[in-house]
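Undergrad: Just one file: query-v3.txt, with compact mmCIF, C-alpha atoms.
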```
# COMPACT_ATOMS: atom_id res chain seq x y z
CA MET K 1 -19.00 -13.51 -3.35
CA ASN K 2 -20.33 -12.75 -6.84
CA GLU K 3 -18.07 -13.69 -9.71
CA THR K 4 -16.68 -10.53 -11.29
CA LYS K 5 -16.00 -10.38 -15.00
CA LYS K 6 -12.27 -10.63 -15.66
CA SER K 7 -10.64 -7.46 -16.98
CA PRO K 8 -6.84 -7.34 -17.46
CA GLN K 9 -6.95 -3.57 -17.86
CA MET K 10 -8.92 -2.96 -14.67
CA TYR K 11 -6.80 -5.54 -12.87
CA ARG K 12 -3.62 -3.64 -13.75
CA TRP K 13 -5.22 -0.37 -12.66
CA ALA K 14 -6.38 -1.82 -9.35
CA LEU K 15 -2.99 -3.47 -8.80
CA ALA K 16 -1.22 -0.16 -9.46
CA ALA K 17 -3.52 1.58 -6.95
CA THR K 18 -2.79 -1.18 -4.42
CA ALA K 19 0.97 -0.76 -4.87
CA PHE K 20 0.64 3.01 -4.52
CA CYS K 21 -1.48 2.53 -1.40
CA VAL K 22 1.38 0.50 0.11
CA ILE K 23 3.61 3.53 -0.44
CA VAL K 24 1.03 5.81 1.23
CA VAL K 25 0.71 3.46 4.23
CA VAL K 26 4.50 3.25 4.64
CA LEU K 27 4.81 7.03 4.28
CA GLY K 28 2.15 7.41 6.98
CA ALA K 29 4.11 5.13 9.30
CA PHE K 30 7.33 7.01 8.56
CA THR K 31 5.64 10.36 9.22
CA ARG K 32 4.28 9.14 12.53
CA LEU K 33 7.54 7.56 13.66
CA VAL K 34 9.68 10.64 12.97
CA ASP K 35 7.15 12.73 14.96
CA ALA K 36 6.16 14.69 11.85
CA GLY K 37 2.42 14.36 12.40
CA LEU K 38 2.34 18.03 13.34
CA GLY K 39 5.17 19.01 10.98
CA CYS K 40 2.56 21.26 9.39
CA PRO K 41 0.20 22.77 12.00
CA ASP K 42 -2.47 23.68 9.43
CA TRP K 43 -4.41 21.74 6.81
CA PRO K 44 -4.43 21.18 3.84
CA GLY K 45 -1.43 23.45 3.29
CA CYS K 46 1.73 23.75 5.34
CA TYR K 47 2.14 27.08 7.14
CA GLY K 48 -0.07 28.52 4.41
CA HIS K 49 2.10 27.08 1.58
CA LEU K 50 1.18 24.53 -1.07
CA THR K 51 4.37 22.63 -0.22
CA TRP K 52 6.25 23.96 2.81
CA PRO K 53 8.21 27.15 3.64
CA LYS K 54 11.76 26.92 2.30
CA SER K 55 13.36 30.38 2.14
CA ASP K 56 14.41 32.25 5.27
CA GLU K 57 11.78 34.89 4.58
CA ALA K 58 9.02 32.28 4.19
CA VAL K 59 10.13 30.54 7.39
CA ALA K 60 10.06 33.83 9.29
CA ARG K 61 6.52 34.55 8.11
CA ALA K 62 5.42 31.01 8.97
CA GLU K 63 6.80 31.18 12.50
CA ALA K 64 5.20 34.58 13.03
CA ALA K 65 1.82 33.13 11.97
CA PHE K 66 2.27 29.96 14.09
CA PRO K 67 4.48 30.99 17.04
CA GLU K 68 3.81 27.73 18.91
CA PHE K 69 5.10 25.61 16.00
CA PRO K 70 8.61 26.55 14.84
CA VAL K 71 9.40 25.30 11.33
CA GLU K 72 11.38 22.03 11.30
CA HIS K 73 12.26 21.07 7.74
CA ASP K 74 12.92 17.44 8.67
CA LYS K 75 9.26 17.22 9.71
CA THR K 76 7.48 19.46 7.20
CA TRP K 77 8.41 17.51 4.07
CA PRO K 78 7.34 14.02 5.30
CA GLU K 79 3.93 15.40 6.26
CA MET K 80 3.34 17.14 2.93
CA VAL K 81 4.70 14.27 0.82
CA HIS K 82 2.31 11.96 2.65
CA ARG K 83 -0.62 14.33 2.03
CA TYR K 84 0.08 14.66 -1.70
CA ALA K 85 0.58 10.90 -2.06
CA ALA K 86 -2.76 10.32 -0.32
CA GLY K 87 -4.37 12.83 -2.68
CA ILE K 88 -3.02 11.01 -5.73
CA LEU K 89 -4.32 7.72 -4.34
CA GLY K 90 -7.73 9.31 -3.91
CA LEU K 91 -7.76 10.33 -7.58
CA MET K 92 -6.78 6.79 -8.60
CA ILE K 93 -9.67 5.36 -6.58
CA LEU K 94 -12.05 7.93 -8.10
CA GLY K 95 -10.95 6.82 -11.55
CA LEU K 96 -11.43 3.15 -10.65
CA THR K 97 -14.92 3.87 -9.37
CA ILE K 98 -15.98 5.81 -12.47
CA ALA K 99 -14.54 3.18 -14.82
CA THR K 100 -16.21 0.32 -12.95
CA TRP K 101 -19.64 1.96 -12.98
CA ARG K 102 -19.34 2.85 -16.66
CA ARG K 103 -18.43 -0.72 -17.57
CA ALA K 104 -21.32 -2.02 -15.48
CA SER K 105 -23.80 0.27 -17.26
CA ARG K 106 -22.53 -0.79 -20.69
CA ASP K 107 -22.41 -4.50 -19.86
CA PRO K 108 -25.38 -5.29 -17.59
CA GLU K 109 -25.12 -9.03 -18.30
CA HIS K 110 -21.94 -9.37 -16.24
CA SER K 111 -21.10 -8.60 -12.63
CA TYR K 112 -18.84 -5.68 -11.70
CA PRO K 113 -17.70 -4.70 -8.18
CA ARG K 114 -19.61 -1.43 -8.12
CA LYS K 115 -20.37 -1.53 -4.39
CA LEU K 116 -16.75 -2.29 -3.60
CA THR K 117 -15.43 0.67 -5.59
CA LEU K 118 -18.09 2.99 -4.16
CA GLY K 119 -17.17 1.84 -0.66
CA LEU K 120 -13.51 2.56 -1.44
CA LEU K 121 -14.35 6.05 -2.65
CA ILE K 122 -16.36 6.82 0.50
CA LEU K 123 -13.57 5.38 2.65
CA VAL K 124 -10.88 7.53 1.05
CA ILE K 125 -13.02 10.65 1.60
CA VAL K 126 -13.42 9.71 5.26
CA GLN K 127 -9.66 9.13 5.40
CA ALA K 128 -9.07 12.68 4.19
CA LEU K 129 -11.24 13.93 7.04
CA PHE K 130 -9.31 11.85 9.56
CA GLY K 131 -6.08 13.23 8.11
CA MET K 132 -7.38 16.74 8.73
CA TRP K 133 -8.55 15.89 12.26
CA THR K 134 -5.18 14.32 13.04
CA VAL K 135 -3.68 17.80 12.60
CA THR K 136 -6.51 19.98 13.94
CA LEU K 137 -6.98 17.80 17.05
CA LYS K 138 -3.22 17.72 17.63
CA LEU K 139 -2.62 13.96 17.30
CA TRP K 140 -5.55 12.88 19.47
CA PRO K 141 -4.87 9.11 19.82
CA GLN K 142 -8.41 8.03 18.91
CA VAL K 143 -8.18 9.87 15.58
CA VAL K 144 -4.64 8.64 14.90
CA VAL K 145 -5.72 5.00 15.36
CA ALA K 146 -8.85 5.49 13.25
CA HIS K 147 -6.71 7.04 10.50
CA LEU K 148 -4.32 4.07 10.66
CA LEU K 149 -7.16 1.54 10.44
CA GLY K 150 -8.68 3.47 7.54
CA GLY K 151 -5.40 3.20 5.65
CA PHE K 152 -5.20 -0.55 6.23
CA ALA K 153 -8.85 -0.94 5.21
CA THR K 154 -8.23 1.00 2.00
CA LEU K 155 -5.25 -1.19 1.19
CA SER K 156 -7.18 -4.40 1.90
CA LEU K 157 -10.16 -3.40 -0.24
CA LEU K 158 -7.92 -2.34 -3.14
CA TRP K 159 -6.16 -5.71 -2.97
CA LEU K 160 -9.53 -7.47 -2.93
CA LEU K 161 -10.64 -5.41 -5.93
CA SER K 162 -7.54 -6.42 -7.88
CA GLN K 163 -8.14 -10.08 -7.01
CA ARG K 164 -11.73 -9.91 -8.23
CA TYR K 165 -10.78 -8.27 -11.53
CA ALA K 166 -7.98 -10.79 -12.03
CA GLY K 167 -10.37 -13.70 -11.55
CA HIS K 168 -7.86 -15.65 -9.46
CA ARG K 169 -9.45 -18.70 -7.83
CA TRP K 170 -8.46 -22.13 -6.62
CA ARG K 171 -9.69 -25.23 -8.45
CA MET K 172 -9.47 -28.28 -6.23
CA PRO K 173 -11.15 -31.64 -5.65
CA SER K 174 -14.59 -31.48 -4.03
CA ASN K 175 -13.32 -32.83 -0.71
CA SER K 176 -10.58 -30.17 -0.54
CA VAL K 177 -13.06 -27.38 -1.30
CA ARG K 178 -15.38 -28.68 1.40
CA ARG K 179 -12.58 -28.75 3.97
CA LEU K 180 -11.42 -25.29 2.90
CA ARG K 181 -14.91 -23.89 3.41
CA GLY K 182 -14.88 -25.51 6.83
CA ILE K 183 -12.23 -23.07 8.11
CA THR K 184 -14.29 -19.96 7.25
CA SER K 185 -15.25 -19.19 10.85
CA LEU K 186 -11.67 -19.61 12.06
CA LEU K 187 -10.39 -17.45 9.20
CA TRP K 188 -12.73 -14.59 10.13
CA LEU K 189 -11.73 -14.91 13.77
CA VAL K 190 -8.06 -14.59 12.79
CA ILE K 191 -8.83 -11.56 10.60
CA ILE K 192 -10.69 -9.87 13.47
CA VAL K 193 -7.86 -10.61 15.90
CA VAL K 194 -5.23 -9.31 13.47
CA VAL K 195 -7.20 -6.10 12.90
CA ALA K 196 -7.53 -5.68 16.68
CA GLN K 197 -3.78 -6.20 17.03
CA ILE K 198 -3.12 -3.58 14.34
CA ALA K 199 -5.37 -1.19 16.27
CA LEU K 200 -3.42 -2.00 19.44
CA GLY K 201 -0.19 -1.28 17.60
CA GLY K 202 -1.63 2.06 16.53
CA TRP K 203 -2.61 2.78 20.14
CA VAL K 204 0.95 1.95 21.23
CA SER K 205 2.35 4.35 18.65
CA ALA K 206 -0.20 7.13 19.25
CA ASN K 207 0.55 7.07 23.00
CA TYR K 208 4.32 6.71 22.55
CA ALA K 209 4.37 3.41 24.43
CA ALA K 210 6.67 1.46 22.10
CA LEU K 211 9.59 1.85 24.51
CA ALA K 212 7.56 1.52 27.71
CA CYS K 213 9.29 -1.86 28.08
CA THR K 214 12.87 -2.17 26.88
CA ASP K 215 13.48 -5.81 27.81
CA PHE K 216 12.00 -9.04 26.45
CA PRO K 217 10.25 -11.34 27.23
CA GLN K 218 9.87 -9.66 30.61
CA CYS K 219 9.03 -5.99 31.11
CA HIS K 220 11.05 -3.97 33.64
CA GLY K 221 12.49 -7.29 34.77
CA GLN K 222 9.05 -8.60 35.75
CA TRP K 223 6.44 -10.84 34.13
CA TRP K 224 3.64 -8.59 35.37
CA PRO K 225 4.96 -5.06 36.12
CA GLU K 226 3.01 -2.17 37.60
CA MET K 227 0.39 -1.12 35.06
CA ASP K 228 -2.50 1.35 34.86
CA PHE K 229 -5.01 -0.12 32.40
CA ARG K 230 -7.69 2.42 33.31
CA GLN K 231 -5.64 5.36 32.09
CA GLY K 232 -3.89 3.43 29.36
CA PHE K 233 -7.20 2.57 27.70
CA ASN K 234 -9.23 5.63 28.62
CA PHE K 235 -10.91 6.12 25.25
CA ALA K 236 -13.08 8.92 26.66
CA GLN K 237 -10.10 11.17 27.35
CA ASP K 238 -10.53 14.84 26.49
CA VAL K 239 -9.18 16.35 23.29
CA GLY K 240 -5.93 18.28 23.45
CA PRO K 241 -4.09 20.35 23.98
CA ASN K 242 -1.27 18.54 22.13
CA TYR K 243 -0.43 14.82 22.17
CA LEU K 244 3.00 15.11 20.53
CA GLY K 245 5.26 13.02 22.75
CA GLY K 246 2.30 11.58 24.66
CA LEU K 247 0.55 12.62 27.87
CA LEU K 248 0.25 9.32 29.76
CA GLU K 249 2.23 8.30 32.80
CA SER K 250 4.71 5.41 32.71
CA ASP K 251 2.37 2.78 34.23
CA ALA K 252 -0.33 3.59 31.67
CA ARG K 253 2.12 3.25 28.77
CA THR K 254 3.38 -0.02 30.21
CA ALA K 255 -0.19 -1.35 30.27
CA ILE K 256 -0.62 -0.49 26.59
CA HIS K 257 2.70 -2.08 25.65
CA VAL K 258 2.07 -5.31 27.57
CA THR K 259 -1.44 -5.61 26.11
CA HIS K 260 0.06 -5.39 22.63
CA ARG K 261 2.45 -8.21 23.52
CA LEU K 262 -0.42 -10.35 24.79
CA GLY K 263 -2.34 -9.57 21.61
CA ALA K 264 0.62 -10.81 19.58
CA LEU K 265 0.51 -14.07 21.51
CA VAL K 266 -3.19 -14.51 20.69
CA VAL K 267 -2.48 -13.82 17.01
CA ILE K 268 0.34 -16.40 16.99
CA LEU K 269 -1.87 -19.09 18.55
CA LEU K 270 -4.91 -18.51 16.32
CA ALA K 271 -2.92 -17.98 13.12
CA GLY K 272 -0.92 -21.08 13.94
CA LEU K 273 -4.15 -23.04 14.29
CA LEU K 274 -5.33 -21.64 10.94
CA CYS K 275 -2.08 -22.71 9.26
CA TRP K 276 -2.40 -26.19 10.74
CA ARG K 277 -5.98 -26.48 9.45
CA LEU K 278 -4.84 -25.37 6.00
CA TRP K 279 -2.02 -27.92 6.02
CA GLN K 280 -4.47 -30.70 6.90
CA ILE K 281 -6.36 -30.10 3.64
CA LYS K 282 -3.56 -31.99 1.85
CA HIS K 283 -3.57 -29.82 -1.25
CA ARG K 284 -0.63 -27.78 -2.46
CA ARG K 285 -2.49 -24.45 -2.72
CA PRO K 286 -3.82 -24.16 0.85
CA GLN K 287 -0.57 -25.69 2.13
CA ARG K 288 1.42 -23.04 0.27
CA MET K 289 -0.81 -20.35 1.79
CA ALA K 290 -0.20 -21.83 5.24
CA LEU K 291 3.55 -21.48 4.72
CA ILE K 292 3.17 -17.89 3.51
CA ILE K 293 1.06 -16.88 6.51
CA ALA K 294 3.44 -18.60 8.93
CA GLY K 295 6.46 -16.96 7.27
CA VAL K 296 4.98 -13.45 7.35
CA LEU K 297 3.93 -13.92 10.96
CA ALA K 298 7.40 -15.12 11.97
CA VAL K 299 9.05 -12.10 10.35
CA GLN K 300 6.52 -9.79 11.99
CA VAL K 301 7.22 -11.22 15.44
CA ALA K 302 10.98 -10.91 14.85
CA LEU K 303 10.56 -7.26 13.85
CA GLY K 304 8.49 -6.57 16.96
CA VAL K 305 11.11 -8.10 19.26
CA THR K 306 13.87 -6.20 17.44
CA ASN K 307 11.98 -2.95 18.00
CA ILE K 308 12.08 -3.58 21.74
CA LEU K 309 15.65 -4.80 22.11
CA ALA K 310 17.17 -2.25 19.68
CA SER K 311 15.14 0.73 21.03
CA LEU K 312 12.89 1.25 18.03
CA PRO K 313 15.17 1.70 15.00
CA LEU K 314 13.30 3.72 12.38
CA ALA K 315 13.77 1.23 9.54
CA VAL K 316 12.63 -1.71 11.69
CA ALA K 317 9.64 0.21 13.06
CA VAL K 318 8.49 1.13 9.53
CA ALA K 319 9.01 -2.46 8.41
CA HIS K 320 6.90 -3.65 11.36
CA ASN K 321 4.04 -1.47 10.15
CA ALA K 322 4.44 -2.82 6.62
CA GLY K 323 4.56 -6.37 8.01
CA GLY K 324 1.19 -5.87 9.69
CA ALA K 325 -0.26 -4.75 6.36
CA LEU K 326 1.27 -7.74 4.57
CA LEU K 327 -0.15 -10.18 7.12
CA LEU K 328 -3.61 -8.68 6.65
CA LEU K 329 -3.29 -8.91 2.86
CA THR K 330 -2.41 -12.61 3.04
CA LEU K 331 -5.58 -13.20 5.06
CA VAL K 332 -7.66 -11.19 2.58
CA THR K 333 -6.19 -13.33 -0.21
CA LEU K 334 -7.09 -16.50 1.66
CA ALA K 335 -10.64 -15.23 2.24
CA HIS K 336 -11.05 -14.49 -1.46
CA ARG K 337 -9.73 -17.93 -2.43
CA THR K 338 -11.97 -19.61 0.13
CA TYR K 339 -15.16 -17.99 -1.13
CA THR K 340 -14.33 -18.42 -4.83
CA ALA K 341 -12.84 -21.94 -4.74
CA GLN K 342 -14.23 -24.21 -7.48
CA ARG K 343 -14.56 -27.96 -7.61
CA HIS K 344 -13.06 -29.97 -10.45
```
What does this structure look like when you write it as structure tokens?
TA:
Amino acid sequence: MNETKKSPQMYRWALAATAFCVIVVVLGAFTRLVDAGLGCPDWPGCYGHLTWPKSDEAVARAEAAFPEFPVEHDKTWPEMVHRYAAGILGLMILGLTIATWRRASRDPEHSYPRKLTLGLLILVIVQALFGMWTVTLKLWPQVVVAHLLGGFATLSLLWLLSQRYAGHRWRMPSNSVRRLRGITSLLWLVIIVVVAQIALGGWVSANYAALACTDFPQCHGQWWPEMDFRQGFNFAQDVGPNYLGGLLESDARTAIHVTHRLGALVVILLAGLLCWRLWQIKHRRPQRMALIIAGVLAVQVALGVTNILASLPLAVAVAHNAGGALLLLTLVTLAHRTYTAQRH
């Protein structure tokens, strides 16, 4: 990883964009969990409005234009607030990209993360397209999951950008740096597994399988209940007509839910191994990171179990989404520190 020139101003800008992206991700989770993904059946407006229809006359016109989608105010505003927040985030990323490239052209002797900002700009444009397809394809699960992963990727890259502009790095004895670099393969494996688990969580949500099992640790009172993996993970399913509420049978949803539980077990084992390897370095910085990762993972598991036993409380479900993002950000931080660690 090339060493980026420190810039307090750009760091604050990138950090502000990261914080705002957290809000957008949480708003997206809230919108999905309150079934407001089709709160506005058109795009980019809402029933032809810049915000959403409020007066009785506007509601009547909207329902006449979209007879299959009666106006529900508790679902229109979350969708439009999420859209406008995503639009603001896009403008912030555009500004970051322009500023980074201008600084790079004026100061060619130093390194600037031009490729990273350009990648972010392209990603946020693709995200806008997925947001549109989420509505036009009526919550097709493949698009919903891709949109979720795009949001997490945007958040991760913004956090990485802020870390690079801040110039944060670990300075440790040569032996500690060598041992830290020795966990690189394991770290990437954990990141891949966590991203896969996030995708599985999105698949659970997109197919309304969160409550397919309401007991824990068993499911329907069995360790291995009746499950239909073929239908549960049929990624070639046809588009439409409308996935609101889900279209899969009970056994297919159970298969998705149980797979997500098994994925959580894999994450716990591999992340636990990563924390143990960090602790063995015998230096306060990697040991502190081990404790942070273990703490975030423990909270995330507790939130997941609470979702099952308490029948998916909205606040807990949103927090579970945010916890997944936080776990990913801790791993991105560790990756940055691993590649930029310096010997002293």
Undergrad: At a cut-off of 12 Å from (-2.0, -3.5, -11.5) in the coordinates of the file, what residues are picked up using all atoms listed in the file, written as a count of residues only?
TA: 24
Undergrad: Figure out the distance between CA of Ser156 in chain K and CA of Val332 in chain K, please, to one decimal in Å.
TA: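 Those two atoms sit 6.8 Å apart.
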Undergrad: If you count all atoms listed in the file, which residues fall within 10 Å of Val239 in chain K, apart from same-chain ones fewer than 6 positions away, as JSON, numbers by chain?
TA: {"K": [137, 138, 139, 140, 141, 142]}
Undergrad: Rank nothing, just name the residue among K:Arg171, K:Gly245, K:Gly201, K:Leu297 nearest to His344 in chain K, using all atoms listed in the file.
TA: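 Going through K:Arg171, K:Gly245, K:Gly201, K:Leu297 one by one, the smallest distance to His344 in chain K is for K:Arg171.
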Undergrad: When you look at range 30-44 of chain K with a cut-off of 6 Å (counting all atoms listed in the file), what residues show up, excluding the ones that are within fewer than 4 positions of it in the same chain? I need them as a compact mmCIF listing (two decimals) with C-alpha atoms, in the coordinates of the input.
TA:
```txt
# COMPACT_ATOMS: atom_id res chain seq x y z
CA LYS K 75 9.26 17.22 9.71
CA THR K 76 7.48 19.46 7.20
CA PRO K 78 7.34 14.02 5.30
```
Undergrad: Taking only C-alpha atoms into account, which of K:His320, K:Lys282, K:Arg343, K:Arg114 comes nearest Met172 in chain K?
TA: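 Of K:His320, K:Lys282, K:Arg343, K:Arg114, the one nearest Met172 in chain K is K:Arg343, counting only C-alpha atoms.
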Undergrad: Go through K:Gly48, K:Gly28, K:Gly272, K:Gly246 one by one, measure the shortest atom-to-atom distance of each to Ala85 in chain K using only C-alpha atoms, and give the residue with the smallest value.
TA: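 When distances to Ala85 in chain K are compared using only C-alpha atoms, the smallest one comes from K:Gly28.
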Undergrad: My structure is short of atoms at range 66-81 of chain K; please model N, CA and C atoms there, returning them as a PDB file, keeping the file's coordinate frame.
TA:
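Output below, filename out09.pdb:
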```
ATOM      1  N   PHE K  66       2.477  31.109  13.188  1.00  0.00           N
ATOM      2  CA  PHE K  66       2.270  29.960  14.090  1.00  0.00           C
ATOM      3  C   PHE K  66       3.399  29.955  15.138  1.00  0.00           C
ATOM      4  N   PRO K  67       3.359  30.870  16.079  1.00  0.00           N
ATOM      5  CA  PRO K  67       4.480  30.990  17.040  1.00  0.00           C
ATOM      6  C   PRO K  67       4.694  29.760  17.895  1.00  0.00           C
ATOM      7  N   GLU K  68       3.648  28.922  18.079  1.00  0.00           N
ATOM      8  CA  GLU K  68       3.810  27.730  18.910  1.00  0.00           C
ATOM      9  C   GLU K  68       4.440  26.565  18.152  1.00  0.00           C
ATOM     10  N   PHE K  69       4.593  26.715  16.831  1.00  0.00           N
ATOM     11  CA  PHE K  69       5.100  25.610  16.000  1.00  0.00           C
ATOM     12  C   PHE K  69       6.253  26.118  15.135  1.00  0.00           C
ATOM     13  N   PRO K  70       7.471  26.144  15.664  1.00  0.00           N
ATOM     14  CA  PRO K  70       8.610  26.550  14.840  1.00  0.00           C
ATOM     15  C   PRO K  70       8.804  25.584  13.671  1.00  0.00           C
ATOM     16  N   VAL K  71       9.237  26.104  12.539  1.00  0.00           N
ATOM     17  CA  VAL K  71       9.400  25.300  11.330  1.00  0.00           C
ATOM     18  C   VAL K  71      10.583  24.344  11.508  1.00  0.00           C
ATOM     19  N   GLU K  72      10.342  23.063  11.286  1.00  0.00           N
ATOM     20  CA  GLU K  72      11.380  22.030  11.300  1.00  0.00           C
ATOM     21  C   GLU K  72      11.337  21.311   9.958  1.00  0.00           C
ATOM     22  N   HIS K  73      12.302  21.589   9.102  1.00  0.00           N
ATOM     23  CA  HIS K  73      12.260  21.070   7.740  1.00  0.00           C
ATOM     24  C   HIS K  73      12.281  19.545   7.680  1.00  0.00           C
ATOM     25  N   ASP K  74      12.899  18.908   8.684  1.00  0.00           N
ATOM     26  CA  ASP K  74      12.920  17.440   8.670  1.00  0.00           C
ATOM     27  C   ASP K  74      11.569  16.846   9.010  1.00  0.00           C
ATOM     28  N   LYS K  75      10.599  17.704   9.406  1.00  0.00           N
ATOM     29  CA  LYS K  75       9.260  17.220   9.710  1.00  0.00           C
ATOM     30  C   LYS K  75       8.192  17.764   8.757  1.00  0.00           C
ATOM     31  N   THR K  76       8.473  18.893   8.116  1.00  0.00           N
ATOM     32  CA  THR K  76       7.480  19.460   7.200  1.00  0.00           C
ATOM     33  C   THR K  76       7.357  18.623   5.929  1.00  0.00           C
ATOM     34  N   TRP K  77       8.505  18.213   5.359  1.00  0.00           N
ATOM     35  CA  TRP K  77       8.410  17.510   4.070  1.00  0.00           C
ATOM     36  C   TRP K  77       7.775  16.121   4.179  1.00  0.00           C
ATOM     37  N   PRO K  78       8.039  15.322   5.240  1.00  0.00           N
ATOM     38  CA  PRO K  78       7.340  14.020   5.300  1.00  0.00           C
ATOM     39  C   PRO K  78       5.822  14.181   5.370  1.00  0.00           C
ATOM     40  N   GLU K  79       5.367  15.191   6.123  1.00  0.00           N
ATOM     41  CA  GLU K  79       3.930  15.400   6.260  1.00  0.00           C
ATOM     42  C   GLU K  79       3.292  15.776   4.919  1.00  0.00           C
ATOM     43  N   MET K  80       3.928  16.693   4.183  1.00  0.00           N
ATOM     44  CA  MET K  80       3.340  17.140   2.930  1.00  0.00           C
ATOM     45  C   MET K  80       3.467  16.087   1.822  1.00  0.00           C
ATOM     46  N   VAL K  81       4.567  15.360   1.802  1.00  0.00           N
ATOM     47  CA  VAL K  81       4.700  14.270   0.820  1.00  0.00           C
ATOM     48  C   VAL K  81       3.622  13.227   1.049  1.00  0.00           C
TER      49      VAL K  81
END
```
